[in-house]
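Read the structure below first, then the notes.
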Amino acid sequence: MATSLSSVQKASKIILFARQLFYLKSCSHTAFKLQPCFFQVSPMSQYSPIFLDPIIDKDELKKELPENDLRRHRPLKAPNTDCSISPLFYDPTVQKFTNIMMKSGNKERVRLIMRKLFENLKHMQIARWNQATTLEEKSAIECDPLVLFKTAIDNCKPLLLTQRIVKGGIAYRVPVCARPKEQTFRAMKWILESCRDKERRIPMEDKLTLELMDAYNHQGKAMRKKQEVHKICESNRAYAHLR
Amino acid sequence: MEPVVLRNIVSRTLSFKFKKSPLQGFSKCKARCLSTSAQPQPEKINNVCRTHENDPRNHTLDHVGLYYTIPVEEINGVLKNCVHPWHLRLMNTFNEYGMMVRKPAVELNGYIQNVNLNHPIPRFVLYGRTGAGKASILLHTMQRFHRDGWLILSVPWAGRWVRGWYKEVSESTYKAGRYDLPTDGAEWLAHFKHQNEGKLANLKTTSEYIWTKRENAAVGTPIEEIINFGQTRIKFSSDCVGVILKEIRNQAQTLGLKVLVVVNAVNAFYTQWNQLNALKNSGKKKLHPSEISLIHNFKKMLTPTWTNGVAVCTVEEACNNLNERENYTPLYLLKQEGFEALDPFVPILVPEYTEKEALSTINYYIEHNWIQNAHGRTEEGKKEIIFVSNNNPFKLYQVCTSL
């Protein structure tokens, strides 16, 4: 009993320390390097900072918690529905794409579209694979839908983006380096937008299949969008110092 | 008391989820445990998923759970319109028409093979959960008896005849108070002709049929001519179906025909759709299935009033109203009326996959490059796929589509 009490006291001290750190962080704009694992608080989190992350790893779940583990005494966050432990059904890129495509919280529908999209991609490539006769031809065909999907998005990623900067009453479109997060976001957004422009009667998954296969082969509307942006950046290179 | 119970439940679920025992697949070598020095690699043994016995007539219980291939001619011939679209698409992609031998199929084929055809027709009802593979078993049976030269009368999906929007419904030309579905009738005639190509030459009518003042079919008209008439004058297509069914019933014994009647989703014949989905006549009155002449004619094929035939039906949850799908047993789905009409029948349960069958399917997919996920090809991944799909064949396919 005594040991557990002392550990609780210890824990509460640590929490206090953590809160102080949190306030420090929120007051000062300098990035804080040292962050303990229980102190990753997102500014919009619904949970109070005393909540700890749940265990999602399968092997770790089977083990017993150590005697002085904080998770024995502190409340835990509920595991995220999207975050599956299985490499079969979870991929961060796919999840990001799903969330961008989603409208009005209808995630079930978007997941269905993604499932059918992968099915279409597989049907397309594996039919070719089965019809190919020589080994060389077969090895040239990429059958993994995830690889196809990721390569298509990588191909659409822009290197430069333009930023609107007002100097002396005139707005300039200044070329800036795109951050990795921004790159993926723009690539995904362009692919989705180019699909939404097309005819409405065609199901989304079919449009996406065509668009992704185009992007995989360095063609298509999203690809052209990227080249356009690059061209604007190239023509506005004189403003680069305004950044 | 409570925590103990809870722990029990948790441990049971966990033991199911994280099963320690390795997956038991099919083995080529039965006596592999006898020699310790030359033990074959377990992975290769578990990957057996196909049989080279491609003739459904020779399938026995030894072949259960293994895949065999169907020739393309039969897929486009006798099995046309009967394979589910998703299944056909998968087969086309694989460039091979493979299907699994299931235990109920072997059982059913054995029953039909040993039946005494001089008695009134026996009836078999396949039942099981949605996606358990009832329609696939019908395919197996149809293919098997088609090879034996049986005449096949199949309804690929009876639900098609009882619902539909903007479907043409006309007064029957034969009897008042009954309704025809001209396009569906013509479609069935084409389907029937396609399935039984080359077997209808001996069939001729035994009585005269008068369609209109000028058009009639004299005694001895070949059945093929009646089919052509029904296809060109689709107003009379339902009557033509009635004529063909009647002639087959009457002549089966005298001509020595063997007839296999296959109806998928037979409960559509007996249950009434709700106001939204039911077919309506020109006066907006909703129609009971028995008022539709196609169904009226086909119900007669399911009565034991004739010989030299066998009727095989399935009951499907999807053909009942949304609030009547709690159970999948024949009595519940057919309701009192349908049950009494079909009684006595032989019910055959179509169970979901056993572990061996599920593993065989996954291996078949892997063999055809369908499962691309690297984790899905490991033992752990296979276990997980089986667990997530809950051993349901259709669910298993759905889970594997995105991998």
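In the structure tokens, chains take letters A, B, ... by order of appearance, with residues numbered from 1 within each chain and ligands from 1 in the order shown.
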
Exercise for review: Please identify all polymer residues within 6 Å of region 278-294 of chain B, counting only C-alpha atoms, omitting same-chain residues fewer than 4 positions from it, and present them as an MDAnalysis selection string.
Suggested key: chainID B and resid 163 178:180 238 269 272:274

Practice item. With a distance cut-off of 10 Å and only C-alpha atoms, select the neighbouring residues of region 175-192 of chain A, excluding the residue or stretch itself and same-chain residues fewer than 4 positions from it, and output the selection as number ranges by chain. Key: A: 93, 96-98, 100-101, 152-164, 196-197, 204, 207-208, 211-212, 215, 220-226, 229-230, 232-243

N, CA and C atoms of the current selection, written as a short mmCIF file (atom, residue, chain, number, x, y, z; two decimals), in the first residue's frame:
data_model
loop_
_atom_site.label_atom_id
_atom_site.label_comp_id
_atom_site.auth_asym_id
_atom_site.auth_seq_id
_atom_site.Cartn_x
_atom_site.Cartn_y
_atom_site.Cartn_z
N THR A 93 -0.53 7.13 -45.12
CA THR A 93 -0.82 7.90 -46.34
C THR A 93 -2.27 7.70 -46.77
N LYS A 96 -4.59 9.54 -44.48
CA LYS A 96 -4.60 10.98 -44.74
C LYS A 96 -5.48 11.28 -45.96
N PHE A 97 -5.28 10.47 -46.98
CA PHE A 97 -6.05 10.66 -48.22
C PHE A 97 -7.55 10.50 -47.95
N THR A 98 -7.87 9.48 -47.15
CA THR A 98 -9.28 9.24 -46.79
C THR A 98 -9.86 10.45 -46.09
N ILE A 100 -8.90 13.52 -46.25
CA ILE A 100 -9.03 14.68 -47.12
C ILE A 100 -10.24 14.54 -48.03
N MET A 101 -10.49 13.32 -48.46
CA MET A 101 -11.61 13.09 -49.37
C MET A 101 -12.97 13.19 -48.66
N ALA A 152 2.03 7.39 -57.23
CA ALA A 152 1.22 8.40 -57.92
C ALA A 152 1.21 9.70 -57.14
N ILE A 153 1.09 9.60 -55.83
CA ILE A 153 1.07 10.82 -55.01
C ILE A 153 2.45 11.47 -54.99
N ASP A 154 3.50 10.64 -54.93
CA ASP A 154 4.87 11.20 -54.95
C ASP A 154 5.12 11.96 -56.24
N ASN A 155 4.57 11.42 -57.34
CA ASN A 155 4.79 12.07 -58.63
C ASN A 155 4.12 13.43 -58.70
N CYS A 156 3.04 13.60 -57.95
CA CYS A 156 2.30 14.86 -58.00
C CYS A 156 2.81 15.89 -57.00
N LYS A 157 3.79 15.52 -56.19
CA LYS A 157 4.25 16.44 -55.14
C LYS A 157 5.01 17.61 -55.75
N PRO A 158 4.63 18.87 -55.45
CA PRO A 158 5.35 20.02 -55.98
C PRO A 158 6.60 20.30 -55.14
N LEU A 159 7.65 20.84 -55.80
CA LEU A 159 8.85 21.23 -55.06
C LEU A 159 8.72 22.65 -54.52
N LEU A 160 8.07 23.49 -55.34
CA LEU A 160 7.91 24.89 -54.96
C LEU A 160 6.44 25.26 -54.96
N LEU A 161 6.10 26.18 -54.08
CA LEU A 161 4.73 26.72 -54.08
C LEU A 161 4.83 28.24 -54.05
N THR A 162 3.74 28.92 -54.38
CA THR A 162 3.80 30.39 -54.32
C THR A 162 3.10 30.87 -53.06
N GLN A 163 3.63 31.95 -52.52
CA GLN A 163 3.03 32.53 -51.32
C GLN A 163 2.73 34.00 -51.63
N ARG A 164 1.58 34.48 -51.16
CA ARG A 164 1.19 35.86 -51.45
C ARG A 164 1.82 36.76 -50.40
N ARG A 196 -13.03 15.44 -59.05
CA ARG A 196 -14.34 16.03 -58.79
C ARG A 196 -14.78 16.90 -59.96
N ASP A 197 -13.83 17.34 -60.78
CA ASP A 197 -14.21 18.13 -61.95
C ASP A 197 -14.91 17.29 -62.99
N MET A 204 -16.87 7.70 -58.03
CA MET A 204 -15.61 8.32 -57.60
C MET A 204 -14.45 7.35 -57.71
N LYS A 207 -13.12 7.11 -61.25
CA LYS A 207 -12.39 8.31 -61.66
C LYS A 207 -11.02 8.33 -61.01
N LEU A 208 -11.01 7.98 -59.72
CA LEU A 208 -9.73 7.97 -58.99
C LEU A 208 -8.76 6.96 -59.58
N GLU A 211 -7.27 8.43 -62.66
CA GLU A 211 -6.39 9.56 -62.33
C GLU A 211 -5.08 9.09 -61.71
N LEU A 212 -5.19 8.09 -60.82
CA LEU A 212 -3.99 7.59 -60.16
C LEU A 212 -3.08 6.86 -61.14
N ALA A 215 -1.35 9.51 -63.05
CA ALA A 215 -0.30 10.15 -62.25
C ALA A 215 0.89 9.21 -62.09
N GLY A 220 -1.77 13.18 -66.81
CA GLY A 220 -3.01 13.49 -66.12
C GLY A 220 -3.11 14.92 -65.64
N LYS A 221 -4.29 15.21 -65.11
CA LYS A 221 -4.64 16.57 -64.76
C LYS A 221 -3.85 17.08 -63.54
N ALA A 222 -3.73 16.23 -62.54
CA ALA A 222 -3.01 16.62 -61.32
C ALA A 222 -1.55 16.89 -61.64
N MET A 223 -1.01 16.09 -62.52
CA MET A 223 0.39 16.26 -62.93
C MET A 223 0.57 17.62 -63.61
N ARG A 224 -0.39 17.97 -64.49
CA ARG A 224 -0.30 19.24 -65.20
C ARG A 224 -0.41 20.42 -64.23
N LYS A 225 -1.25 20.25 -63.24
CA LYS A 225 -1.42 21.29 -62.22
C LYS A 225 -0.09 21.58 -61.54
N LYS A 226 0.62 20.51 -61.22
CA LYS A 226 1.92 20.65 -60.57
C LYS A 226 2.90 21.40 -61.49
N VAL A 229 2.15 25.12 -61.56
CA VAL A 229 2.66 25.81 -60.37
C VAL A 229 4.15 26.02 -60.47
N HIS A 230 4.85 25.01 -60.94
CA HIS A 230 6.30 25.13 -61.12
C HIS A 230 6.63 26.25 -62.11
N ILE A 232 4.84 28.94 -62.79
CA ILE A 232 4.61 30.25 -62.16
C ILE A 232 5.78 30.61 -61.26
N CYS A 233 6.25 29.62 -60.50
CA CYS A 233 7.39 29.86 -59.61
C CYS A 233 8.61 30.26 -60.42
N GLU A 234 8.77 29.60 -61.56
CA GLU A 234 9.93 29.88 -62.42
C GLU A 234 9.87 31.33 -62.95
N SER A 235 8.64 31.74 -63.34
CA SER A 235 8.53 33.09 -63.91
C SER A 235 8.64 34.17 -62.83
N ASN A 236 8.31 33.80 -61.58
CA ASN A 236 8.37 34.78 -60.48
C ASN A 236 9.65 34.67 -59.68
N ARG A 237 10.67 34.09 -60.26
CA ARG A 237 11.89 33.84 -59.47
C ARG A 237 12.55 35.15 -59.01
N ALA A 238 12.22 36.23 -59.72
CA ALA A 238 12.81 37.52 -59.35
C ALA A 238 12.35 37.98 -57.97
N TYR A 239 11.17 37.51 -57.54
CA TYR A 239 10.63 37.94 -56.24
C TYR A 239 11.13 37.08 -55.09
N ALA A 240 11.95 36.14 -55.39
CA ALA A 240 12.32 35.15 -54.37
C ALA A 240 12.92 35.79 -53.13
N HIS A 241 13.58 36.94 -53.29
CA HIS A 241 14.23 37.57 -52.15
C HIS A 241 13.22 38.21 -51.19
N LEU A 242 11.97 38.39 -51.63
CA LEU A 242 10.95 39.02 -50.78
C LEU A 242 10.47 38.10 -49.66
N ARG A 243 10.81 36.85 -49.77
CA ARG A 243 10.32 35.85 -48.84
C ARG A 243 10.75 36.16 -47.40
#

Tell me as a short mmCIF file (atom, residue, chain, number, x, y, z; two decimals) with C-alpha atoms, in the first residue's frame which residues belonging to chain A come within 10 Å of chain B, counting only C-alpha atoms.
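Full text of selection.cif as output:
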data_model
loop_
_atom_site.label_atom_id
_atom_site.label_comp_id
_atom_site.auth_asym_id
_atom_site.auth_seq_id
_atom_site.Cartn_x
_atom_site.Cartn_y
_atom_site.Cartn_z
CA LYS A 58 0.18 -6.28 -29.80
CA LYS A 62 0.42 -9.25 -23.67
CA SER A 86 -2.43 -4.27 -38.08
CA PRO A 87 -0.22 -3.54 -41.09
CA LEU A 88 -2.97 -5.16 -43.16
CA PHE A 89 -5.48 -2.37 -42.88
CA LEU A 112 -15.71 2.00 -49.17
CA MET A 114 -10.87 3.45 -51.06
CA ARG A 115 -11.54 -0.28 -50.87
CA LYS A 116 -13.06 -0.26 -54.32
CA LEU A 117 -10.26 1.92 -55.62
CA PHE A 118 -7.66 -0.61 -54.53
CA GLU A 119 -9.78 -3.37 -55.98
CA ASN A 120 -9.92 -1.59 -59.33
CA LEU A 121 -6.18 -0.98 -59.35
CA LYS A 122 -5.53 -4.62 -58.58
CA HIS A 123 -7.96 -5.86 -61.21
CA MET A 124 -6.32 -3.62 -63.79
CA GLN A 125 -2.75 -4.65 -63.07
CA ILE A 126 -3.22 -8.30 -62.20
CA ALA A 127 -5.23 -8.96 -65.36
CA ARG A 128 -2.24 -7.59 -67.26
CA TRP A 129 0.12 -9.63 -65.11
CA ASN A 130 -1.78 -12.83 -65.81
CA GLN A 131 -1.86 -12.17 -69.53
CA CYS A 143 0.73 -5.07 -58.89
CA ASP A 144 0.81 -3.72 -55.34
CA PRO A 145 -1.99 -1.13 -55.11
CA LEU A 146 -0.33 0.60 -52.18
CA VAL A 147 2.88 1.15 -54.12
#

Name all residues at most 10 Å from Tyr111 (chain B) (count only C-alpha atoms; drop same-chain ones fewer than 6 positions away) and give them as a PDB file with C-alpha atoms, in the first residue's frame.
ATOM      1  CA  ALA B 105     -22.301 -29.528 -53.017  1.00  0.00           C
ATOM      2  CA  PRO B 122     -37.836 -34.502 -54.556  1.00  0.00           C
ATOM      3  CA  PHE B 124     -33.909 -29.675 -51.823  1.00  0.00           C
ATOM      4  CA  VAL B 346     -34.605 -31.859 -47.766  1.00  0.00           C
TER       5      VAL B 346
END

Exercise for review: Could you pull out the residues in region 176-384 of chain B that DSSP calls strand (DSSP E or B) from the backbone, as an NGL selection string?
Suggested key: :B and (179-180 or 204 or 209-210 or 216-217 or 222 or 259-263 or 278 or 280 or 286 or 292 or 307 or 309-314 or 346-349)

For the selection just defined, write its residues with C-alpha atoms to a file, as a PDB file, in the first residue's frame.
ATOM      1  CA  TYR B 179     -49.845 -10.104 -64.817  1.00  0.00           C
ATOM      2  CA  ASP B 180     -47.058 -10.626 -67.350  1.00  0.00           C
ATOM      3  CA  LYS B 204     -42.360 -31.024 -79.434  1.00  0.00           C
ATOM      4  CA  TYR B 209     -51.866 -23.304 -78.582  1.00  0.00           C
ATOM      5  CA  ILE B 210     -53.693 -20.314 -79.991  1.00  0.00           C
ATOM      6  CA  ASN B 216     -51.154 -20.372 -83.363  1.00  0.00           C
ATOM      7  CA  ALA B 217     -48.884 -23.325 -82.696  1.00  0.00           C
ATOM      8  CA  PRO B 222     -40.719 -27.856 -81.897  1.00  0.00           C
ATOM      9  CA  VAL B 259     -34.838 -32.339 -65.521  1.00  0.00           C
ATOM     10  CA  LEU B 260     -33.033 -30.227 -62.945  1.00  0.00           C
ATOM     11  CA  VAL B 261     -35.036 -27.246 -61.719  1.00  0.00           C
ATOM     12  CA  VAL B 262     -32.842 -24.648 -60.041  1.00  0.00           C
ATOM     13  CA  VAL B 263     -34.351 -21.618 -58.342  1.00  0.00           C
ATOM     14  CA  ALA B 278     -43.380  -4.308 -54.868  1.00  0.00           C
ATOM     15  CA  LYS B 280     -47.550  -2.454 -59.198  1.00  0.00           C
ATOM     16  CA  LYS B 286     -49.318  -3.798 -55.421  1.00  0.00           C
ATOM     17  CA  ILE B 292     -47.332 -12.827 -61.709  1.00  0.00           C
ATOM     18  CA  THR B 307     -41.680 -37.264 -62.264  1.00  0.00           C
ATOM     19  CA  GLY B 309     -37.012 -34.350 -62.178  1.00  0.00           C
ATOM     20  CA  VAL B 310     -35.316 -32.790 -59.190  1.00  0.00           C
ATOM     21  CA  ALA B 311     -35.861 -29.309 -57.784  1.00  0.00           C
ATOM     22  CA  VAL B 312     -33.066 -27.480 -55.988  1.00  0.00           C
ATOM     23  CA  CYS B 313     -33.841 -24.132 -54.381  1.00  0.00           C
ATOM     24  CA  THR B 314     -32.095 -21.673 -52.126  1.00  0.00           C
ATOM     25  CA  VAL B 346     -34.605 -31.859 -47.766  1.00  0.00           C
ATOM     26  CA  PRO B 347     -32.966 -28.873 -46.061  1.00  0.00           C
ATOM     27  CA  ILE B 348     -29.224 -28.590 -46.610  1.00  0.00           C
ATOM     28  CA  LEU B 349     -27.251 -26.141 -44.514  1.00  0.00           C
TER      29      LEU B 349
END

Point to revise | Interatomic distance (Å, one decimal) between CA of Leu302 (chain B) and CA of Asn327 (chain B) | key: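 Result for CA of Leu302 (chain B) versus CA of Asn327 (chain B): 23.4 Å, one decimal.
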
Review point. Pick the closest to Asn196 (chain B) from B:Val115, B:Leu333, B:Leu153, B:Leu257: which is it, counting only C-alpha atoms?
Key: B:Leu153

Exercise for review: Report the distance between CA of Ile295 (chain B) and CA of Gly110 (chain B) in Å, rounded to one decimal place.
Suggested key: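 Straight-line distance from CA of Ile295 (chain B) to CA of Gly110 (chain B) works out to 28.8 Å.
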
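Between Glu208 (chain B) and the candidates B:Glu74, B:Val243, B:His194, B:Arg249, the tightest atom-to-atom separation, counting only C-alpha atoms, involves B:Val243.
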
Exercise for review: Name the residues of region 26-263 of chain B that come out as alpha helix (DSSP H) in a backbone DSSP run; write them as a PyMOL selection string.
Suggested key: chain B and resi 42-46+72-76+85-94+103-113+134-147+182-195+223-232+237-255

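Take CA of Arg325 (chain B) and CA of Glu108 (chain A): the distance between them is 22.9 Å.
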